[in-house]
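See structure below.
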Amino acid sequence: MEVYVVLKILLKNEFVTDRLYLRKMKETDSKRLFEIWSDPVVTKYMNIEVLSQEEQAKEIIQLINELANENKAIRYSIIEKQTKEIIGTCGFNEIDEEYGIVEIGYELDQLFWGKGYAPEAITCLVQYAFAELKLTEIIAKVNHKNNNSIRALQKLGFTFKEIVREYEETIDGYLNFNVYCKRNTL
């Protein structure tokens, strides 16, 4: 006899930090997110191709919001409180309720790099995942060449877990990813 445990986590639609407002992405964000996702410097280490049309951003938002409705993923627009400008996104790329594990992801418009916005947003998500969702582990898959992101994760207490070789195929060949993790100690 098999017993199935069904967890039903309720994902919050918004968060507020000292300098940021994180809210579930909306289709009306597509113009600004297209600007960010069409920048080859920003998308260099992402798992998407550089966008060429705003419609592609709308499709990504729709897909992620469908996954959010199924509790499989969620993505938040990162909004700078002072200017009310969308400066990037962050969220849970994959949610494994059975094992209590989420994968986080994030990207910022390059004009906002190095200002502490990514760690501020990630810290908010980490606290939520552990304190409220009671998840056991958060992972981040990072292109092995993305040193800035690796340093940011290490500063936030993420530790190297493993290398996933030839994880993803691109026009340049297969990519290796480093997996970093942070375990719930609450």
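Letters for chains follow the order of the structure tokens (A, B, ...), residue numbers begin at 1 for each chain, and ligand numbers begin at 1 in the order shown.
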**Item:** Residue neighbourhood Gln82 in chain A, 10 Å, only C-alpha atoms, exclusion window fewer than 3 positions, as a ChimeraX atom specification
**Value:** /A:19-21,79,85
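Counting only C-alpha atoms, Val142 in chain A has the following residues at most 10 Å away, ignoring those fewer than 4 positions along the same chain: Tyr45, Met46, Gly105, Asn146, Asn147, Ser149, Ile150, Leu153, Ile163, Val164, Asn176, Phe177, Asn178, Val179 and Tyr180 of chain A.
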Using N, CA and C atoms, can you export the residues from the last selection as a JSON list (two decimals), in the first residue's frame?
[["chain", "number", "residue", "atom", "x", "y", "z"],
["A", 45, "TYR", "N", 24.07, 34.39, -18.91],
["A", 45, "TYR", "CA", 24.10, 33.20, -18.06],
["A", 45, "TYR", "C", 22.71, 32.69, -17.72],
["A", 46, "MET", "N", 21.69, 33.19, -18.39],
["A", 46, "MET", "CA", 20.33, 32.73, -18.15],
["A", 46, "MET", "C", 20.00, 31.56, -19.07],
["A", 105, "GLY", "N", 16.16, 31.64, -8.61],
["A", 105, "GLY", "CA", 16.80, 32.27, -9.74],
["A", 105, "GLY", "C", 16.57, 33.76, -9.67],
["A", 146, "ASN", "N", 29.81, 32.20, -14.22],
["A", 146, "ASN", "CA", 29.14, 33.38, -13.67],
["A", 146, "ASN", "C", 29.67, 33.70, -12.27],
["A", 147, "ASN", "N", 30.87, 34.24, -12.23],
["A", 147, "ASN", "CA", 31.56, 34.49, -10.96],
["A", 147, "ASN", "C", 30.83, 35.48, -10.06],
["A", 149, "SER", "N", 27.59, 35.97, -9.71],
["A", 149, "SER", "CA", 26.47, 35.29, -9.06],
["A", 149, "SER", "C", 26.97, 34.28, -8.03],
["A", 150, "ILE", "N", 28.05, 33.59, -8.34],
["A", 150, "ILE", "CA", 28.62, 32.63, -7.39],
["A", 150, "ILE", "C", 29.05, 33.35, -6.12],
["A", 153, "LEU", "N", 25.98, 34.38, -4.02],
["A", 153, "LEU", "CA", 25.39, 33.24, -3.30],
["A", 153, "LEU", "C", 26.27, 32.83, -2.11],
["A", 163, "ILE", "N", 28.86, 19.79, -9.36],
["A", 163, "ILE", "CA", 28.89, 20.27, -10.74],
["A", 163, "ILE", "C", 27.97, 19.36, -11.56],
["A", 164, "VAL", "N", 27.10, 19.97, -12.33],
["A", 164, "VAL", "CA", 26.26, 19.22, -13.25],
["A", 164, "VAL", "C", 26.83, 19.48, -14.63],
["A", 176, "ASN", "N", 28.15, 23.62, -18.35],
["A", 176, "ASN", "CA", 28.25, 23.03, -17.02],
["A", 176, "ASN", "C", 27.67, 24.01, -16.02],
["A", 177, "PHE", "N", 27.00, 23.50, -15.01],
["A", 177, "PHE", "CA", 26.44, 24.33, -13.96],
["A", 177, "PHE", "C", 26.97, 23.89, -12.61],
["A", 178, "ASN", "N", 27.22, 24.87, -11.77],
["A", 178, "ASN", "CA", 27.53, 24.60, -10.37],
["A", 178, "ASN", "C", 26.22, 24.68, -9.61],
["A", 179, "VAL", "N", 26.02, 23.77, -8.70],
["A", 179, "VAL", "CA", 24.84, 23.79, -7.85],
["A", 179, "VAL", "C", 25.28, 24.23, -6.46],
["A", 180, "TYR", "N", 24.63, 25.27, -5.96],
["A", 180, "TYR", "CA", 24.86, 25.78, -4.62],
["A", 180, "TYR", "C", 23.62, 25.55, -3.80]]
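Every protein or nucleic acid residue with an atom no more than 8 Å from range 50-57 of chain A, counting only C-alpha atoms and leaving out same-chain residues fewer than 3 positions away, appears here: Ser30, Lys31, Leu33, Phe34, Trp37, Ser38, Asp39, Pro40, Thr43, Ile60 and Ile61 of chain A.
Shortest atom-to-atom contact with Asn47 in chain A among A:Ile87, A:Pro119, A:Phe130, A:Tyr106: A:Tyr106, counting only C-alpha atoms.
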